$ cat target_26.cif   # mmCIF, C-alpha atoms
data_final
loop_
_atom_site.label_atom_id
_atom_site.label_comp_id
_atom_site.auth_asym_id
_atom_site.auth_seq_id
_atom_site.Cartn_x
_atom_site.Cartn_y
_atom_site.Cartn_z
CA MET A 5 -80.36 -70.73 156.90
CA GLU A 6 -78.58 -69.48 160.01
CA ARG A 7 -74.81 -69.25 159.68
CA CYS A 8 -72.90 -68.68 162.90
CA LEU A 9 -69.13 -69.08 162.84
CA VAL A 10 -68.43 -69.23 166.57
CA ASN A 11 -71.30 -71.59 167.42
CA GLU A 12 -70.33 -73.82 164.51
CA VAL A 13 -66.92 -74.63 166.00
CA GLN A 14 -68.06 -74.79 169.61
CA SER A 15 -70.70 -77.41 168.86
CA ASN A 16 -68.74 -79.59 166.42
CA LEU A 17 -65.56 -80.73 168.20
CA GLU A 18 -63.64 -83.31 166.10
CA LYS A 19 -66.11 -82.88 163.26
CA THR A 20 -65.64 -81.45 159.77
CA VAL A 21 -67.30 -78.07 159.26
CA LYS A 22 -67.48 -75.31 156.66
CA LEU A 23 -66.82 -71.73 157.80
CA GLN A 24 -67.21 -68.47 155.89
CA GLY A 25 -66.03 -64.99 156.86
CA TRP A 26 -63.43 -62.25 156.53
CA VAL A 27 -59.69 -62.77 157.00
CA HIS A 28 -59.03 -60.81 160.17
CA ARG A 29 -55.32 -61.52 160.64
CA ILE A 30 -52.63 -63.84 159.26
CA ARG A 31 -49.43 -64.94 161.03
CA LYS A 32 -47.05 -67.15 159.07
CA LEU A 33 -44.58 -69.41 160.88
CA GLY A 34 -42.69 -71.42 158.31
CA LYS A 35 -44.88 -74.17 156.93
CA ILE A 36 -47.77 -73.26 159.24
CA ALA A 37 -49.94 -70.17 159.20
CA PHE A 38 -52.39 -69.05 161.88
CA MET A 39 -55.31 -67.23 160.34
CA LEU A 40 -58.09 -65.51 162.24
CA LEU A 41 -61.47 -65.73 160.52
CA ARG A 42 -64.20 -63.27 161.51
CA ASP A 43 -67.95 -62.96 161.09
CA ARG A 44 -70.68 -61.14 163.00
CA THR A 45 -70.48 -63.62 165.89
CA GLY A 46 -66.77 -63.39 166.60
CA ILE A 47 -63.36 -64.73 165.60
CA VAL A 48 -62.10 -68.28 165.12
CA GLN A 49 -58.46 -69.32 164.72
CA CYS A 50 -57.73 -71.43 161.66
CA VAL A 51 -54.49 -73.45 161.36
CA VAL A 52 -53.29 -73.74 157.76
CA SER A 53 -50.54 -75.91 156.30
CA THR A 54 -48.99 -73.67 153.65
CA LYS A 55 -47.70 -76.75 151.83
CA GLN A 56 -51.27 -77.97 151.32
CA VAL A 57 -53.15 -74.65 151.08
CA ASP A 58 -51.85 -71.69 149.06
CA ILE A 59 -52.40 -68.41 150.92
CA LYS A 60 -49.50 -66.34 149.56
CA ASP A 61 -51.80 -63.87 147.75
CA LEU A 62 -54.38 -63.68 150.53
CA LYS A 63 -54.76 -60.18 151.96
CA LEU A 64 -56.60 -59.06 155.06
CA GLU A 65 -60.39 -58.66 154.74
CA SER A 66 -60.67 -61.10 151.83
CA VAL A 67 -63.84 -63.16 152.13
CA ILE A 68 -63.14 -66.89 152.19
CA GLU A 69 -64.65 -70.29 152.83
CA VAL A 70 -62.66 -72.94 154.68
CA ASN A 71 -63.34 -76.59 155.39
CA GLY A 72 -61.64 -78.52 158.14
CA VAL A 73 -61.82 -80.36 161.44
CA VAL A 74 -62.60 -78.58 164.71
CA LYS A 75 -59.93 -79.16 167.37
CA ARG A 76 -59.58 -78.01 170.95
CA ASN A 77 -56.77 -75.57 171.68
CA LYS A 78 -56.33 -75.23 175.44
CA ASP A 79 -59.57 -73.51 176.58
CA ASP A 80 -60.68 -72.58 173.07
CA PHE A 81 -61.42 -74.13 169.69
CA GLU A 82 -59.63 -73.89 166.37
CA LEU A 83 -60.05 -75.25 162.86
CA GLN A 84 -57.47 -77.46 161.17
CA VAL A 85 -57.99 -76.33 157.57
CA ASP A 86 -58.13 -78.94 154.80
CA ASN A 87 -59.03 -76.60 151.94
CA LEU A 88 -59.73 -72.93 151.33
CA LYS A 89 -61.89 -71.18 148.74
CA ILE A 90 -61.60 -67.45 148.02
CA MET A 91 -65.03 -65.88 147.63
CA SER A 92 -63.87 -62.25 147.30
CA LEU A 93 -60.18 -61.44 147.03
CA VAL A 94 -58.87 -58.12 148.34
CA LYS A 95 -56.10 -56.92 146.01
CA GLU A 96 -55.25 -53.54 147.55
CA ASP A 97 -53.82 -52.56 150.91
CA LEU A 98 -56.48 -51.36 153.35
CA PRO A 99 -56.84 -47.55 153.47
CA ILE A 100 -57.29 -47.72 157.25
CA GLU A 101 -56.05 -50.29 159.73
CA ILE A 102 -59.25 -51.80 161.11
CA ASN A 103 -57.99 -54.95 162.85
CA SER A 104 -56.22 -53.25 165.74
CA GLU A 105 -58.00 -52.48 168.99
CA SER A 106 -58.78 -48.92 167.88
CA ILE A 107 -58.45 -47.24 164.49
CA GLU A 108 -55.62 -44.70 164.57
CA ALA A 109 -57.14 -42.16 162.20
CA ASN A 110 -59.06 -38.91 162.47
CA ILE A 111 -62.86 -38.85 162.30
CA ASP A 112 -62.97 -37.59 158.69
CA THR A 113 -60.74 -40.42 157.46
CA ILE A 114 -62.86 -42.94 159.33
CA LEU A 115 -66.08 -41.52 157.86
CA ASN A 116 -64.57 -41.48 154.35
CA HIS A 117 -64.15 -45.26 154.72
CA ARG A 118 -67.26 -45.79 156.82
CA VAL A 119 -68.24 -49.30 155.77
CA LEU A 120 -64.71 -50.58 156.25
CA SER A 121 -64.37 -48.81 159.60
CA MET A 122 -67.46 -50.55 160.96
CA ARG A 123 -65.66 -53.90 160.68
CA ASN A 124 -63.54 -52.77 163.64
CA GLU A 125 -64.85 -54.53 166.73
CA LYS A 126 -65.28 -51.41 168.85
CA ILE A 127 -66.95 -49.35 166.14
CA ASN A 128 -69.16 -52.31 165.27
CA ALA A 129 -70.16 -52.59 168.94
CA VAL A 130 -71.33 -48.97 169.04
CA PHE A 131 -74.01 -49.60 166.43
CA LYS A 132 -75.13 -52.84 168.04
CA VAL A 133 -75.73 -50.96 171.29
CA GLU A 134 -77.46 -48.16 169.39
CA ALA A 135 -79.81 -50.65 167.74
CA GLU A 136 -80.72 -52.12 171.13
CA ILE A 137 -81.42 -48.63 172.53
CA ALA A 138 -84.04 -48.26 169.80
CA HIS A 139 -85.37 -51.78 170.42
CA GLY A 140 -85.60 -51.06 174.15
CA PHE A 141 -87.51 -47.85 173.44
CA SER A 142 -90.06 -49.68 171.28
CA LYS A 143 -90.34 -52.67 173.59
CA PHE A 144 -91.17 -50.58 176.66
CA LEU A 145 -93.71 -48.37 174.90
CA GLU A 146 -95.48 -51.34 173.37
CA GLN A 147 -95.81 -52.76 176.89
CA GLU A 148 -97.31 -49.42 177.93
CA ASP A 149 -99.98 -49.73 175.18
CA PHE A 150 -98.41 -47.25 172.76
CA THR A 151 -98.98 -47.75 169.03
CA GLU A 152 -96.09 -47.37 166.61
CA ILE A 153 -96.78 -44.88 163.82
CA PHE A 154 -95.05 -43.93 160.57
CA THR A 155 -95.29 -40.30 159.53
CA PRO A 156 -94.32 -38.40 156.34
CA LYS A 157 -90.81 -37.05 155.94
CA ILE A 158 -91.91 -34.65 153.20
CA THR A 159 -94.12 -31.91 154.60
CA ALA A 160 -95.84 -28.71 153.56
CA GLU A 161 -94.73 -26.72 156.60
CA GLY A 162 -92.31 -26.86 159.51
CA ALA A 163 -93.31 -28.07 162.95
CA GLU A 164 -91.13 -25.40 164.54
CA GLY A 165 -92.73 -22.54 162.66
CA GLY A 166 -90.85 -22.61 159.37
CA THR A 167 -87.24 -22.17 160.52
CA GLU A 168 -84.23 -24.39 159.89
CA LEU A 169 -85.94 -26.26 157.06
CA PHE A 170 -84.48 -28.10 154.07
CA GLU A 171 -86.54 -26.95 151.12
CA LEU A 172 -87.18 -29.22 148.16
CA LYS A 173 -89.15 -29.14 144.91
CA TYR A 174 -92.24 -31.33 145.13
CA PHE A 175 -93.53 -31.50 141.54
CA ASP A 176 -94.89 -27.98 141.01
CA ARG A 177 -94.91 -27.01 144.69
CA LYS A 178 -92.50 -26.18 147.47
CA ALA A 179 -92.08 -28.74 150.26
CA TYR A 180 -89.69 -29.45 153.15
CA LEU A 181 -87.94 -32.33 154.85
CA ALA A 182 -89.57 -33.01 158.21
CA GLN A 183 -87.99 -31.36 161.25
CA SER A 184 -90.09 -33.51 163.53
CA PRO A 185 -93.15 -35.78 163.47
CA GLN A 186 -94.74 -33.41 165.99
CA PHE A 187 -97.92 -32.42 164.12
CA TYR A 188 -98.61 -36.00 163.07
CA LYS A 189 -98.06 -37.36 166.58
CA GLN A 190 -100.67 -34.94 167.88
CA MET A 191 -103.06 -35.75 165.05
CA MET A 192 -102.75 -39.47 165.85
CA VAL A 193 -103.59 -38.74 169.49
CA ALA A 194 -106.66 -36.90 168.20
CA ALA A 195 -107.45 -39.87 165.95
CA GLY A 196 -108.13 -41.89 169.08
CA TYR A 197 -104.88 -43.82 169.46
CA GLU A 198 -104.06 -41.74 172.57
CA ARG A 199 -100.53 -43.14 172.91
CA VAL A 200 -98.19 -43.23 169.90
CA PHE A 201 -94.48 -43.44 169.17
CA GLU A 202 -92.16 -43.30 166.20
CA ILE A 203 -88.47 -43.90 165.54
CA GLY A 204 -87.50 -42.04 162.40
CA HIS A 205 -85.15 -39.62 160.68
CA VAL A 206 -85.58 -35.87 161.07
CA TYR A 207 -83.81 -33.01 159.35
CA ARG A 208 -82.54 -29.67 160.66
CA ALA A 209 -80.99 -27.09 158.33
CA GLU A 210 -78.82 -25.69 161.11
CA SER A 211 -75.44 -24.35 160.02
CA HIS A 212 -73.62 -26.05 162.90
CA ASP A 213 -70.25 -27.72 162.70
CA THR A 214 -69.81 -29.05 166.22
CA LYS A 215 -69.24 -32.41 167.89
CA ARG A 216 -72.85 -32.51 169.09
CA HIS A 217 -74.88 -31.62 165.99
CA LEU A 218 -76.03 -33.46 162.87
CA ASN A 219 -78.31 -32.25 160.08
CA GLU A 220 -79.99 -35.63 159.76
CA TYR A 221 -80.48 -37.77 162.85
CA VAL A 222 -82.80 -40.34 164.35
CA SER A 223 -85.48 -39.08 166.72
CA MET A 224 -87.30 -41.38 169.13
CA ASP A 225 -90.65 -39.66 169.62
CA LEU A 226 -93.71 -40.33 171.72
CA GLU A 227 -96.98 -38.54 172.39
CA MET A 228 -99.68 -39.42 174.90
CA GLY A 229 -103.15 -38.16 175.70
CA PHE A 230 -104.92 -37.46 178.98
CA ILE A 231 -101.95 -36.14 180.94
CA ASN A 232 -102.09 -33.63 183.80
CA ASP A 233 -98.91 -31.73 182.95
CA GLU A 234 -95.26 -32.23 182.02
CA MET A 235 -94.55 -34.19 185.21
CA ASP A 236 -96.50 -37.16 183.81
CA LEU A 237 -94.08 -37.19 180.88
CA ILE A 238 -91.03 -36.86 183.12
CA LYS A 239 -92.18 -39.84 185.19
CA LEU A 240 -92.76 -41.85 182.02
CA GLU A 241 -89.31 -41.04 180.66
CA VAL A 242 -87.64 -42.15 183.89
CA LYS A 243 -89.35 -45.54 183.56
CA LEU A 244 -88.54 -45.61 179.86
CA LEU A 245 -84.81 -44.99 180.34
CA LYS A 246 -84.68 -47.45 183.21
CA ASN A 247 -86.11 -50.14 180.95
CA ILE A 248 -83.89 -49.22 177.98
CA PHE A 249 -80.76 -49.52 180.12
CA LYS A 250 -81.96 -52.83 181.56
CA HIS A 251 -82.55 -54.09 178.02
CA ILE A 252 -79.04 -53.04 176.94
CA LYS A 253 -77.45 -54.85 179.87
CA GLU A 254 -79.31 -58.00 178.91
CA LYS A 255 -78.56 -57.81 175.18
CA CYS A 256 -75.16 -56.11 174.94
CA GLN A 257 -72.94 -57.51 177.68
CA LYS A 258 -70.19 -58.38 175.20
CA GLU A 259 -70.28 -54.90 173.64
CA ILE A 260 -70.36 -53.15 177.04
CA GLU A 261 -67.24 -55.04 178.12
CA LEU A 262 -65.49 -54.39 174.81
CA LEU A 263 -66.20 -50.65 174.97
CA LYS A 264 -65.33 -50.54 178.68
CA VAL A 265 -68.37 -48.49 179.62
CA GLU A 266 -70.68 -48.58 182.59
CA ILE A 267 -74.42 -48.36 182.08
CA PRO A 268 -75.72 -46.04 184.83
CA GLU A 269 -78.27 -47.16 187.36
CA ILE A 270 -81.43 -45.06 187.23
CA GLN A 271 -83.35 -44.42 190.42
CA ASP A 272 -87.15 -44.26 190.49
CA GLU A 273 -86.86 -40.48 190.60
CA LEU A 274 -84.31 -38.22 188.94
CA PRO A 275 -83.39 -34.65 189.90
CA VAL A 276 -85.81 -32.01 188.60
CA MET A 277 -85.26 -28.25 188.74
CA THR A 278 -86.66 -25.28 186.90
CA LEU A 279 -84.59 -23.66 184.21
CA GLN A 280 -84.59 -20.48 186.31
CA GLU A 281 -83.04 -22.38 189.25
CA ALA A 282 -80.37 -23.78 186.95
CA ILE A 283 -79.57 -20.32 185.58
CA LYS A 284 -79.21 -18.95 189.12
CA ILE A 285 -76.76 -21.74 189.99
CA LEU A 286 -74.75 -21.06 186.84
CA ARG A 287 -74.68 -17.32 187.51
CA ASP A 288 -73.84 -17.58 191.21
CA LYS A 289 -71.51 -20.59 191.24
CA TYR A 290 -69.87 -20.43 187.81
CA ASN A 291 -70.09 -16.67 187.05
CA LYS A 292 -72.09 -17.18 183.85
CA THR A 293 -73.74 -13.81 184.25
CA GLU A 294 -74.67 -13.60 180.57
CA LEU A 295 -77.41 -16.24 181.01
CA THR A 296 -80.94 -14.89 181.44
CA THR A 297 -83.63 -16.96 179.70
CA ASP A 298 -81.75 -20.07 178.49
CA ILE A 299 -78.52 -21.99 179.00
CA ASP A 300 -75.81 -22.67 176.44
CA HIS A 301 -73.79 -25.86 175.82
CA GLU A 302 -71.22 -24.91 178.45
CA GLY A 303 -74.09 -24.28 180.87
CA GLU A 304 -75.46 -27.78 180.21
CA GLU A 305 -72.06 -29.28 180.97
CA LEU A 306 -71.66 -27.23 184.15
CA ILE A 307 -75.14 -27.97 185.48
CA GLY A 308 -74.58 -31.65 184.66
CA ALA A 309 -71.36 -31.62 186.71
CA PHE A 310 -73.13 -29.78 189.56
CA ILE A 311 -75.92 -32.39 189.68
CA LYS A 312 -73.41 -35.25 189.53
CA GLU A 313 -71.50 -33.81 192.47
CA LYS A 314 -74.56 -32.94 194.56
CA TYR A 315 -76.93 -35.82 193.78
CA ASN A 316 -74.62 -38.42 192.19
CA SER A 317 -76.92 -38.45 189.17
CA ASP A 318 -75.97 -38.41 185.50
CA PHE A 319 -79.37 -36.90 184.71
CA VAL A 320 -81.30 -33.73 185.49
CA PHE A 321 -84.63 -32.51 184.12
CA LEU A 322 -84.84 -28.76 183.55
CA THR A 323 -88.42 -27.47 183.43
CA HIS A 324 -90.40 -24.33 182.59
CA TYR A 325 -88.57 -22.92 179.60
CA THR A 326 -89.73 -19.51 178.42
CA ARG A 327 -92.45 -19.14 175.79
CA GLU A 328 -89.89 -17.37 173.62
CA LYS A 329 -87.73 -20.51 173.50
CA ARG A 330 -90.50 -23.03 172.86
CA PRO A 331 -92.69 -23.70 169.78
CA MET A 332 -96.18 -22.24 169.43
CA TYR A 333 -97.91 -25.51 170.42
CA THR A 334 -96.29 -25.62 173.90
CA MET A 335 -98.72 -25.20 176.83
CA PRO A 336 -98.16 -21.83 178.58
CA CYS A 337 -97.47 -21.69 182.31
CA GLY A 338 -98.33 -18.26 183.59
CA LYS A 339 -97.43 -15.26 181.48
CA ASN A 340 -93.93 -16.06 180.23
CA LEU A 341 -93.16 -19.73 180.99
CA THR A 342 -94.26 -23.08 179.59
CA HIS A 343 -95.05 -26.60 180.80
CA SER A 344 -91.91 -27.93 179.11
CA PHE A 345 -88.65 -29.65 179.92
CA ASP A 346 -85.28 -30.81 178.66
CA LEU A 347 -83.39 -33.81 179.98
CA ILE A 348 -79.65 -33.26 180.43
CA PHE A 349 -77.56 -36.45 180.44
CA ARG A 350 -73.89 -36.16 181.34
CA GLY A 351 -73.86 -32.51 180.35
CA MET A 352 -75.83 -32.73 177.10
CA GLU A 353 -79.50 -32.22 176.26
CA ILE A 354 -80.84 -35.53 174.92
CA THR A 355 -84.59 -34.92 175.29
CA THR A 356 -86.99 -32.08 174.67
CA GLY A 357 -90.62 -32.43 175.71
CA GLY A 358 -93.64 -30.91 177.34
CA GLN A 359 -97.37 -30.50 177.50
CA ARG A 360 -99.06 -29.29 174.31
CA ILE A 361 -101.91 -26.87 173.85
CA HIS A 362 -105.12 -28.81 173.21
CA ASP A 363 -107.52 -25.87 172.84
CA TYR A 364 -108.17 -24.62 169.30
CA GLU A 365 -108.40 -20.91 170.13
CA MET A 366 -105.37 -20.98 172.41
CA LEU A 367 -103.30 -22.73 169.75
CA LYS A 368 -104.39 -20.26 167.08
CA LYS A 369 -103.48 -17.39 169.39
CA GLY A 370 -100.10 -18.99 170.04
CA MET A 371 -99.39 -19.10 166.33
CA ILE A 372 -100.26 -15.44 165.88
CA GLU A 373 -98.07 -14.45 168.85
CA LYS A 374 -95.16 -16.27 167.20
CA GLY A 375 -95.73 -14.26 164.02
CA LEU A 376 -97.21 -17.21 162.15
CA ASN A 377 -100.24 -17.25 159.89
CA PRO A 378 -102.81 -19.83 161.13
CA ASP A 379 -103.95 -20.35 157.53
CA ASP A 380 -100.56 -21.91 156.78
CA PHE A 381 -101.31 -24.60 159.38
CA LYS A 382 -105.00 -25.09 158.64
CA ASN A 383 -104.86 -28.87 158.20
CA TYR A 384 -103.12 -29.29 161.57
CA LEU A 385 -105.10 -26.58 163.36
CA ASP A 386 -108.52 -27.86 162.26
CA THR A 387 -107.81 -31.13 164.10
CA PHE A 388 -108.24 -29.24 167.36
CA LYS A 389 -111.82 -28.22 166.53
CA PHE A 390 -113.15 -31.72 166.98
CA GLY A 391 -112.07 -32.91 170.41
CA MET A 392 -108.42 -33.05 171.46
CA PRO A 393 -107.53 -34.43 174.92
CA PRO A 394 -104.89 -32.81 177.14
CA HIS A 395 -101.67 -34.31 175.83
CA GLY A 396 -97.93 -34.03 175.57
CA GLY A 397 -94.85 -35.79 174.39
CA LEU A 398 -91.11 -35.87 174.04
CA ALA A 399 -88.31 -36.63 171.60
CA ILE A 400 -85.01 -38.35 172.39
CA GLY A 401 -82.06 -37.98 170.02
CA LEU A 402 -80.83 -41.53 169.44
CA GLU A 403 -77.31 -40.54 168.45
CA ARG A 404 -76.94 -38.14 171.38
CA LEU A 405 -78.12 -40.78 173.85
CA THR A 406 -75.71 -43.30 172.33
CA MET A 407 -72.87 -40.78 172.36
CA LYS A 408 -73.24 -39.93 176.04
CA LEU A 409 -74.01 -43.48 177.15
CA LEU A 410 -70.87 -44.85 175.47
CA LYS A 411 -68.81 -41.73 176.26
CA LEU A 412 -67.95 -41.04 172.63
CA ASP A 413 -66.11 -37.84 171.77
CA ASN A 414 -68.09 -36.91 168.65
CA ILE A 415 -71.73 -37.52 167.73
CA ARG A 416 -70.56 -38.64 164.28
CA GLU A 417 -69.17 -41.76 165.97
CA ALA A 418 -72.80 -42.71 166.71
CA GLU A 419 -74.05 -42.22 163.13
CA ALA A 420 -73.43 -44.90 160.53
CA PHE A 421 -73.70 -42.57 157.52
CA VAL A 422 -73.22 -38.97 158.57
CA ARG A 423 -75.10 -36.02 157.14
CA ASP A 424 -73.71 -32.77 158.45
CA LYS A 425 -72.84 -29.37 157.01
CA LYS A 426 -70.01 -30.79 154.92
CA ARG A 427 -70.86 -34.43 154.27
CA LEU A 428 -73.23 -36.03 151.76
CA LEU A 429 -71.14 -39.18 151.15
CA PRO A 430 -70.97 -42.07 151.65
#

$ encode --input "target_26.cif" --output "structure tokens"
Amino acid sequence: MERCLVNEVQSNLEKTVKLQGWVHRIRKLGKIAFMLLRDRTGIVQCVVSTKQVDIKDLKLESVIEVNGVVKRNKDDFELQVDNLKIMSLVKEDLPIEINSESIEANIDTILNHRVLSMRNEKINAVFKVEAEIAHGFSKFLEQEDFTEIFTPKITAEGAEGGTELFELKYFDRKAYLAQSPQFYKQMMVAAGYERVFEIGHVYRAESHDTKRHLNEYVSMDLEMGFINDEMDLIKLEVKLLKNIFKHIKEKCQKEIELLKVEIPEIQDELPVMTLQEAIKILRDKYNKTELTTDIDHEGEELIGAFIKEKYNSDFVFLTHYTREKRPMYTMPCGKNLTHSFDLIFRGMEITTGGQRIHDYEMLKKGMIEKGLNPDDFKNYLDTFKFGMPPHGGLAIGLERLTMKLLKLDNIREAEAFVRDKKRLLP
């Protein structure tokens, strides 16, 4: 049965209704108290006669049920309460103040009380937007004839060549938490699905403790067959982001206004430059002479600012990363480069992608050149013996995209239950 607090009062003027929710705020004025009741749909003011209804022990965030008559109050509605039933009484003071506009506490305190913190309207709004980013991703790809897949999160080897892996005991064998669904995406292309996507958790055993890294995060992955090169993927991602942002504007207008953010307009084409061009700009314009084959986090921020100033774009694709910096399955481009790309959004990399090797012998050679033993990847490698189309794909970090879109300061603000170097609870 659908229960919707705000709609219930708006559609039942002068009628008796039953409302259930959390006590958001109480203001007592003599024999009258004004109580704000909250549920997922919003807040309704309830007017209580303290002579008729005892609320002296009622603390904020208690869950209650009230019955009363809906009245109009200027341009809004309110409930004249006849009786009140306590469903779950809060007996302690709240450890964090959640009913103000913003929670005045540091990120660790907020995360220590994560469930409570998410009752705050602004924090709650972040995760509603994040959910619709994921929905928009799925919706667009389904329209483009992609099939959703579900791949294992316990694996026998790492997709990146065995580095940065969380090891675990799997009965009498050694196994790992999945860094990426990469191998399985490719195998599903080979299975004849051609176009596949997945939204799922991935795990990186990186010893980072920064505002932009998590050890468990949500990756929005896709892989598609019969591409020409990485430019086909870049064009697809532009359309994808355009549709995701359109979807958010349609579904999250209330949250966008509450968070006071602007969803950027995406043109049909976004700036594209090679990594080498970006490095030259950073060396010449910003004196980052230490950069040679890759850019660091500061470089991403600087190149993002440069593109914003020159092209008025929040996005830039950087292409042709070196073979040294890309996994063994990445399609080579000449001797030292690859058909690969990153997407930088407001100074942060949110996407990594590229064309994959589809030839068995070339892939085997790539493994050996990376110092890997092809026998360790036999199950994956054998797939390429039996007809693999030219293909490629990309992965978007959901929390990073949410963070930059909503202009959050720390990626942990975009993760409901954080797993980083220090945190395993809640």

$ closest_residue --input "target_26.cif" --among "A:Lys368, A:Arg44, A:Leu88, A:Tyr188" --to "A:Gln56" --atoms "all atoms listed in the file"
A:Leu88

$ atom_distance --input "target_26.cif" --atom1 "atom CA of A:Gly358" --atom2 "atom CA of A:Leu240"
11.9 Å

$ residues_around --input "target_26.cif" --residues "A:Ile111" --least-positions-apart "6" --cutoff "12 Å" --atoms "all atoms listed in the file" --output "list in words"
Ile100, His117, Arg118, Ser121, Ile127, Lys215, Leu412, Asp413, Asn414, Ile415, Arg416, Glu417, Ala418, Glu419 and Val422 of chain A

$ resolve_selection --input "target_26.cif" --expression "the PyMOL selection byres ((chain A and resi 245) around 10)" --output "ChimeraX atom specification"
/A:137,140-141,144,240-244,246-251,269-270

$ closest_residue --input "target_26.cif" --among "A:Met191, A:Leu145, A:Glu261, A:Lys339" --to "A:Asn383" --atoms "all atoms listed in the file"
A:Met191

$ residues_around --input "target_26.cif" --residues "A:Gly308" --least-positions-apart "6" --cutoff "7 Å" --atoms "all atoms listed in the file" --output "list in words"
Asp318, Ile348, Arg350 and Gly351 of chain A

$ closest_residue --input "target_26.cif" --among "A:Asn124, A:Glu18, A:Asn116, A:Asp97" --to "A:Phe81" --atoms "all atoms listed in the file"
A:Glu18

$ resolve_selection --input "target_26.cif" --expression "the PyMOL selection byres ((chain A and resi 341) around 8)" --output "PyMOL selection string"
chain A and resi 324-327+336-340+342-343

$ residues_near_point --input "target_26.cif" --point "(-86.9, -27.9, 158.8)" --cutoff "7 Å" --atoms "all atoms listed in the file" --output "ChimeraX atom specification"
/A:162,166-170,180-183,207-209

$ resolve_selection --input "target_26.cif" --expression "the PyMOL selection byres ((chain A and resi 299) around 12)" --output "ChimeraX atom specification"
/A:278-287,292-298,300-308,322,325-326,329,346,348,351-353

$ residues_near_point --input "target_26.cif" --point "(-90.1, -36.4, 151.6)" --cutoff "12 Å" --atoms "all atoms listed in the file" --output "PyMOL selection string"
chain A and resi 155-161+170-175+178-183+205-207

$ residues_around --input "target_26.cif" --residues "stretch 255-258 of chain A" --least-positions-apart "5" --cutoff "9 Å" --atoms "all atoms listed in the file" --output "MDAnalysis selection string"
chainID A and resid 129 132:133 136 250 263

$ residues_around --input "target_26.cif" --residues "A:Thr355" --least-positions-apart "6" --cutoff "10 Å" --atoms "all atoms listed in the file" --output "JSON, numbers by chain"
{"A": [223, 224, 225, 241, 321, 345, 346, 347, 348, 349, 398, 399, 400, 401, 402, 404, 405]}

$ write_last_selection --input "target_26.cif" --atoms "C-alpha atoms" --output "compact mmCIF listing (two decimals), in the frame of the given file"
# COMPACT_ATOMS: atom_id res chain seq x y z
CA SER A 223 -85.48 -39.08 166.72
CA MET A 224 -87.30 -41.38 169.13
CA ASP A 225 -90.65 -39.66 169.62
CA GLU A 241 -89.31 -41.04 180.66
CA PHE A 321 -84.63 -32.51 184.12
CA PHE A 345 -88.65 -29.65 179.92
CA ASP A 346 -85.28 -30.81 178.66
CA LEU A 347 -83.39 -33.81 179.98
CA ILE A 348 -79.65 -33.26 180.43
CA PHE A 349 -77.56 -36.45 180.44
CA LEU A 398 -91.11 -35.87 174.04
CA ALA A 399 -88.31 -36.63 171.60
CA ILE A 400 -85.01 -38.35 172.39
CA GLY A 401 -82.06 -37.98 170.02
CA LEU A 402 -80.83 -41.53 169.44
CA ARG A 404 -76.94 -38.14 171.38
CA LEU A 405 -78.12 -40.78 173.85

$ closest_residue --input "target_26.cif" --among "A:Leu83, A:Gly357, A:Asn71, A:Leu218" --to "A:Phe421" --atoms "all atoms listed in the file"
A:Leu218

$ closest_residue --input "target_26.cif" --among "A:Ile90, A:Ala135, A:Val320, A:Ile102" --to "A:Ile68" --atoms "only C-alpha atoms"
A:Ile90

$ atom_distance --input "target_26.cif" --atom1 "atom CA of A:Ser344" --atom2 "atom CA of A:Arg360"
8.7 Å

$ closest_residue --input "target_26.cif" --among "A:Val57, A:Met91, A:Val130, A:Val67" --to "A:Lys411" --atoms "all atoms listed in the file"
A:Val130

$ residues_around --input "target_26.cif" --residues "A:Pro393" --least-positions-apart "4" --cutoff "10 Å" --atoms "all atoms listed in the file" --output "number ranges by chain"
A: 190, 193-194, 196, 198, 228-231, 360-363, 388

$ atom_distance --input "target_26.cif" --atom1 "atom CA of A:Phe154" --atom2 "atom CA of A:Glu202"
6.4 Å

$ axis_aligned_box --input "target_26.cif" --around "stretch 198-206 of chain A" --padding-each-side "6 Å" --output "lines of an AutoDock Vina configuration file"
center_x = -94.6
center_y = -39.9
center_z = 166.8
size_x = 30.9
size_y = 20.0
size_z = 24.2
